[in-house]
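The next block holds one structure in the form of structure tokens; read it before the comments.
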Amino acid sequence: MKIIETDGIVIKTMDFKENDSILTFLTPDSGKIAGVLHGGKSARTGNAAKAELFVTNHFELSVKPNTELVRIRKCELLESYHHIRRNYSKFLHASYISELLLLCEIPAVESKDYYNLLHSTIIQLSKSAKIAEIKFEFEVQLLKLLGISPNLESCIQCGGSLWRNTSGNLLTAKFSVPYQLDASQGGIRCPNCCIRSSFTNALHPGSLAYFHNRQTGMGSGIEISPTQISLKELAQAVYVYLSHFFGRNLKSYTLLKENS
Ligand SMILES: [Zn+2]
């Protein structure tokens, strides 16, 4: 048996027995860990506040080899981010983000990158009203960590460049009609190569430019506000892209879509 101390952000809570909860949390050094928090459902113990989605706790754990659940010996609440749970839309976005992280394989060596991404996303989500932008930024960074960022430079079918040659930081799309993000090919189809498929979603030039800007970090320092149409198109296209990669639909996305 090994004792470890670590911070952890709760990404799933499940009722267990009469008063307990099973928490799944993301740690900076050990990937995702699941353990039983005694009194996680009881207000009396004060542990209920530590068993909420996206709270950050400091844990002392005892880990036995070859067991799935660790024993939580001590759990101290560090940050509760209650603004996220008081706003229904923020809560739905948080649920979507945590469902994505539950699907990711997170090896211990990459744990810190995922932890830092989640941590900064939660802080922004808690403070800011630009929820759709925060979610999109999270998705772009998650695609990078998973090593599946789409090719946004040239058409995956004909190889033609998607952009005009311009000087400066901001790119101009070559065509003024919609492109497509193709989830099965991992990139963009130019308007000449668009097809009908459940793996493709239309992206207007402005949406593509915003995507490129966020993915490359080009033009950072220049505040570009995406239009609502762009955010909506990108949300759908990136969702199809991610669910194709994971090979399944996400329950939380349906709720998110119905309420936005
Ligand atoms: Zn093409």
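We name chains A, B, ... following the order of the structure tokens; residues begin at 1 in each chain, and ligands are numbered from 1 as shown.
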Output the neighbourhood of ligand 1 as a ChimeraX atom specification, that is, all protein and nucleic acid residues with some atom at most 9 Å from the ligand, counting only C-alpha atoms and all ligand atoms. /A:154-162,188-194
Run DSSP on the backbone and tell me which residues of stretch 41-257 of chain A come out as alpha helix (DSSP H); list them as a VMD selection string. chain A and resid 82 to 86 88 to 103 111 to 127 131 to 146 205 to 216 228 to 246 251 to 257
Residues from the last selection, C-alpha atoms, saved as a PDB file, in the first residue's frame:
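Wrote out-v7.pdb, looks like this:
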ATOM      1  CA  HIS A  82     -19.698  27.713  -7.116  1.00  0.00           C
ATOM      2  CA  HIS A  83     -20.473  30.195  -9.936  1.00  0.00           C
ATOM      3  CA  ILE A  84     -20.305  27.297 -12.381  1.00  0.00           C
ATOM      4  CA  ARG A  85     -23.007  25.319 -10.600  1.00  0.00           C
ATOM      5  CA  ARG A  86     -25.272  28.325 -10.020  1.00  0.00           C
ATOM      6  CA  TYR A  88     -27.335  26.323 -15.696  1.00  0.00           C
ATOM      7  CA  SER A  89     -25.586  27.049 -18.985  1.00  0.00           C
ATOM      8  CA  LYS A  90     -22.147  27.067 -17.335  1.00  0.00           C
ATOM      9  CA  PHE A  91     -23.009  23.831 -15.583  1.00  0.00           C
ATOM     10  CA  LEU A  92     -23.984  22.163 -18.880  1.00  0.00           C
ATOM     11  CA  HIS A  93     -20.713  23.306 -20.449  1.00  0.00           C
ATOM     12  CA  ALA A  94     -18.786  21.989 -17.453  1.00  0.00           C
ATOM     13  CA  SER A  95     -20.572  18.633 -17.794  1.00  0.00           C
ATOM     14  CA  TYR A  96     -19.630  18.431 -21.465  1.00  0.00           C
ATOM     15  CA  ILE A  97     -15.977  19.231 -20.699  1.00  0.00           C
ATOM     16  CA  SER A  98     -15.836  16.616 -17.952  1.00  0.00           C
ATOM     17  CA  GLU A  99     -17.476  13.972 -20.173  1.00  0.00           C
ATOM     18  CA  LEU A 100     -14.783  14.616 -22.790  1.00  0.00           C
ATOM     19  CA  LEU A 101     -12.038  14.225 -20.184  1.00  0.00           C
ATOM     20  CA  LEU A 102     -13.589  10.992 -18.925  1.00  0.00           C
ATOM     21  CA  LEU A 103     -13.227   9.585 -22.448  1.00  0.00           C
ATOM     22  CA  SER A 111      -1.316  14.544 -16.776  1.00  0.00           C
ATOM     23  CA  LYS A 112       0.007  18.020 -16.020  1.00  0.00           C
ATOM     24  CA  ASP A 113      -0.942  19.369 -19.465  1.00  0.00           C
ATOM     25  CA  TYR A 114      -4.516  18.108 -19.141  1.00  0.00           C
ATOM     26  CA  TYR A 115      -4.721  19.331 -15.541  1.00  0.00           C
ATOM     27  CA  ASN A 116      -3.489  22.816 -16.436  1.00  0.00           C
ATOM     28  CA  LEU A 117      -5.923  23.015 -19.349  1.00  0.00           C
ATOM     29  CA  LEU A 118      -8.865  21.991 -17.170  1.00  0.00           C
ATOM     30  CA  HIS A 119      -7.801  24.284 -14.356  1.00  0.00           C
ATOM     31  CA  SER A 120      -7.539  27.382 -16.554  1.00  0.00           C
ATOM     32  CA  THR A 121     -10.813  26.506 -18.322  1.00  0.00           C
ATOM     33  CA  ILE A 122     -12.646  26.256 -15.004  1.00  0.00           C
ATOM     34  CA  ILE A 123     -11.298  29.599 -13.818  1.00  0.00           C
ATOM     35  CA  GLN A 124     -12.436  31.274 -17.040  1.00  0.00           C
ATOM     36  CA  LEU A 125     -15.805  29.527 -17.010  1.00  0.00           C
ATOM     37  CA  SER A 126     -16.325  30.621 -13.440  1.00  0.00           C
ATOM     38  CA  LYS A 127     -15.533  34.294 -14.142  1.00  0.00           C
ATOM     39  CA  ILE A 131     -19.002  30.540 -22.392  1.00  0.00           C
ATOM     40  CA  ALA A 132     -19.099  29.339 -26.012  1.00  0.00           C
ATOM     41  CA  GLU A 133     -15.667  30.831 -26.706  1.00  0.00           C
ATOM     42  CA  ILE A 134     -14.190  29.234 -23.592  1.00  0.00           C
ATOM     43  CA  LYS A 135     -15.590  25.840 -24.603  1.00  0.00           C
ATOM     44  CA  PHE A 136     -14.194  26.176 -28.119  1.00  0.00           C
ATOM     45  CA  GLU A 137     -10.766  27.184 -26.807  1.00  0.00           C
ATOM     46  CA  PHE A 138     -10.834  24.119 -24.547  1.00  0.00           C
ATOM     47  CA  GLU A 139     -11.706  21.875 -27.508  1.00  0.00           C
ATOM     48  CA  VAL A 140      -8.902  23.302 -29.653  1.00  0.00           C
ATOM     49  CA  GLN A 141      -6.351  22.701 -26.887  1.00  0.00           C
ATOM     50  CA  LEU A 142      -7.758  19.227 -26.188  1.00  0.00           C
ATOM     51  CA  LEU A 143      -7.400  18.276 -29.873  1.00  0.00           C
ATOM     52  CA  LYS A 144      -3.736  19.326 -29.587  1.00  0.00           C
ATOM     53  CA  LEU A 145      -3.146  17.218 -26.476  1.00  0.00           C
ATOM     54  CA  LEU A 146      -4.798  14.233 -28.145  1.00  0.00           C
ATOM     55  CA  PRO A 205     -14.671  31.287 -44.303  1.00  0.00           C
ATOM     56  CA  GLY A 206     -14.959  33.448 -41.163  1.00  0.00           C
ATOM     57  CA  SER A 207     -15.398  30.372 -38.971  1.00  0.00           C
ATOM     58  CA  LEU A 208     -12.416  28.673 -40.589  1.00  0.00           C
ATOM     59  CA  ALA A 209     -10.258  31.770 -40.076  1.00  0.00           C
ATOM     60  CA  TYR A 210     -11.235  31.937 -36.404  1.00  0.00           C
ATOM     61  CA  PHE A 211     -10.461  28.208 -35.998  1.00  0.00           C
ATOM     62  CA  HIS A 212      -7.046  28.686 -37.635  1.00  0.00           C
ATOM     63  CA  ASN A 213      -6.365  31.700 -35.467  1.00  0.00           C
ATOM     64  CA  ARG A 214      -7.122  29.794 -32.266  1.00  0.00           C
ATOM     65  CA  GLN A 215      -5.283  26.641 -33.328  1.00  0.00           C
ATOM     66  CA  THR A 216      -2.049  28.334 -34.368  1.00  0.00           C
ATOM     67  CA  GLN A 228     -22.574  33.722 -33.025  1.00  0.00           C
ATOM     68  CA  ILE A 229     -22.978  31.885 -36.341  1.00  0.00           C
ATOM     69  CA  SER A 230     -19.275  30.974 -36.362  1.00  0.00           C
ATOM     70  CA  LEU A 231     -19.412  29.698 -32.792  1.00  0.00           C
ATOM     71  CA  LYS A 232     -22.471  27.597 -33.579  1.00  0.00           C
ATOM     72  CA  GLU A 233     -20.960  26.106 -36.745  1.00  0.00           C
ATOM     73  CA  LEU A 234     -17.663  25.382 -35.008  1.00  0.00           C
ATOM     74  CA  ALA A 235     -19.407  23.823 -32.005  1.00  0.00           C
ATOM     75  CA  GLN A 236     -21.245  21.360 -34.249  1.00  0.00           C
ATOM     76  CA  ALA A 237     -18.244  20.622 -36.514  1.00  0.00           C
ATOM     77  CA  VAL A 238     -15.809  20.073 -33.633  1.00  0.00           C
ATOM     78  CA  TYR A 239     -18.343  17.959 -31.772  1.00  0.00           C
ATOM     79  CA  VAL A 240     -18.728  15.641 -34.785  1.00  0.00           C
ATOM     80  CA  TYR A 241     -14.928  15.558 -35.059  1.00  0.00           C
ATOM     81  CA  LEU A 242     -14.462  14.582 -31.392  1.00  0.00           C
ATOM     82  CA  SER A 243     -17.309  12.065 -31.274  1.00  0.00           C
ATOM     83  CA  HIS A 244     -15.910  10.414 -34.413  1.00  0.00           C
ATOM     84  CA  PHE A 245     -12.534  10.119 -32.693  1.00  0.00           C
ATOM     85  CA  PHE A 246     -14.044   8.647 -29.512  1.00  0.00           C
ATOM     86  CA  LYS A 251     -24.958  12.604 -23.547  1.00  0.00           C
ATOM     87  CA  SER A 252     -24.005  16.016 -22.224  1.00  0.00           C
ATOM     88  CA  TYR A 253     -23.794  17.466 -25.747  1.00  0.00           C
ATOM     89  CA  THR A 254     -27.459  16.776 -26.483  1.00  0.00           C
ATOM     90  CA  LEU A 255     -28.482  18.689 -23.354  1.00  0.00           C
ATOM     91  CA  LEU A 256     -26.053  21.469 -24.160  1.00  0.00           C
ATOM     92  CA  LYS A 257     -27.452  21.861 -27.669  1.00  0.00           C
TER      93      LYS A 257
END
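Among the candidates A:Gly39, A:Gly187, A:Gly247, A:Pro65, the residue lying nearest to A:Met1 is A:Pro65 (atoms considered: only C-alpha atoms).
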Can you tell me, as a PyMOL selection string, what residues are no more than 9 Å from stretch 2-8 of chain A when counting only C-alpha atoms, ignoring any on the same chain fewer than 4 positions away? chain A and resi 24-30+32-33+55-65+78+115
Would you put the residues from that selection into a file with N, CA and C atoms, as a short mmCIF file (atom, residue, chain, number, x, y, z; two decimals), in the first residue's frame?
data_model
loop_
_atom_site.label_atom_id
_atom_site.label_comp_id
_atom_site.auth_asym_id
_atom_site.auth_seq_id
_atom_site.Cartn_x
_atom_site.Cartn_y
_atom_site.Cartn_z
N THR A 24 -14.38 10.75 -9.23
CA THR A 24 -13.30 10.61 -10.20
C THR A 24 -12.69 11.99 -10.33
N PHE A 25 -11.38 12.08 -10.18
CA PHE A 25 -10.73 13.39 -10.24
C PHE A 25 -9.45 13.33 -11.05
N LEU A 26 -9.16 14.47 -11.67
CA LEU A 26 -7.96 14.59 -12.48
C LEU A 26 -6.86 15.21 -11.63
N THR A 27 -5.70 14.59 -11.64
CA THR A 27 -4.58 15.05 -10.82
C THR A 27 -3.45 15.60 -11.71
N PRO A 28 -2.57 16.43 -11.16
CA PRO A 28 -1.48 16.96 -11.99
C PRO A 28 -0.42 15.92 -12.37
N ASP A 29 -0.26 14.87 -11.57
CA ASP A 29 0.85 13.94 -11.83
C ASP A 29 0.45 12.48 -12.04
N SER A 30 -0.79 12.13 -11.73
CA SER A 30 -1.15 10.71 -11.78
C SER A 30 -2.38 10.42 -12.64
N LYS A 32 -6.12 10.27 -14.10
CA LYS A 32 -7.42 10.26 -13.43
C LYS A 32 -7.40 9.19 -12.34
N ILE A 33 -8.02 9.53 -11.21
CA ILE A 33 -8.09 8.59 -10.09
C ILE A 33 -9.54 8.55 -9.61
N VAL A 55 -15.06 20.96 -8.30
CA VAL A 55 -14.36 21.50 -7.15
C VAL A 55 -12.92 20.95 -7.17
N THR A 56 -12.01 21.71 -6.58
CA THR A 56 -10.63 21.25 -6.45
C THR A 56 -10.39 20.90 -4.98
N ASN A 57 -9.91 19.69 -4.76
CA ASN A 57 -9.63 19.22 -3.41
C ASN A 57 -8.17 18.84 -3.27
N HIS A 58 -7.71 18.84 -2.02
CA HIS A 58 -6.41 18.24 -1.74
C HIS A 58 -6.67 16.88 -1.08
N PHE A 59 -6.10 15.84 -1.66
CA PHE A 59 -6.40 14.48 -1.21
C PHE A 59 -5.19 13.82 -0.56
N GLU A 60 -5.49 13.00 0.44
CA GLU A 60 -4.50 12.02 0.88
C GLU A 60 -5.10 10.65 0.60
N LEU A 61 -4.39 9.86 -0.19
CA LEU A 61 -4.97 8.62 -0.71
C LEU A 61 -4.12 7.42 -0.31
N SER A 62 -4.77 6.31 -0.06
CA SER A 62 -3.98 5.09 0.03
C SER A 62 -4.32 4.21 -1.16
N VAL A 63 -3.26 3.82 -1.84
CA VAL A 63 -3.40 3.12 -3.12
C VAL A 63 -2.88 1.70 -2.98
N LYS A 64 -3.75 0.75 -3.26
CA LYS A 64 -3.31 -0.65 -3.28
C LYS A 64 -3.09 -1.06 -4.73
N PRO A 65 -2.04 -1.82 -5.00
CA PRO A 65 -1.83 -2.24 -6.38
C PRO A 65 -3.00 -3.10 -6.88
N LEU A 78 -10.25 22.93 -1.67
CA LEU A 78 -9.39 24.08 -1.97
C LEU A 78 -10.16 25.19 -2.67
N TYR A 115 -4.32 18.68 -16.79
CA TYR A 115 -4.72 19.33 -15.54
C TYR A 115 -4.69 20.85 -15.69
#
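The closest residue to A:Ser80, picked from A:Ile9, A:Ala108, A:Ala43, A:Ala34 and counting only C-alpha atoms, is A:Ile9.
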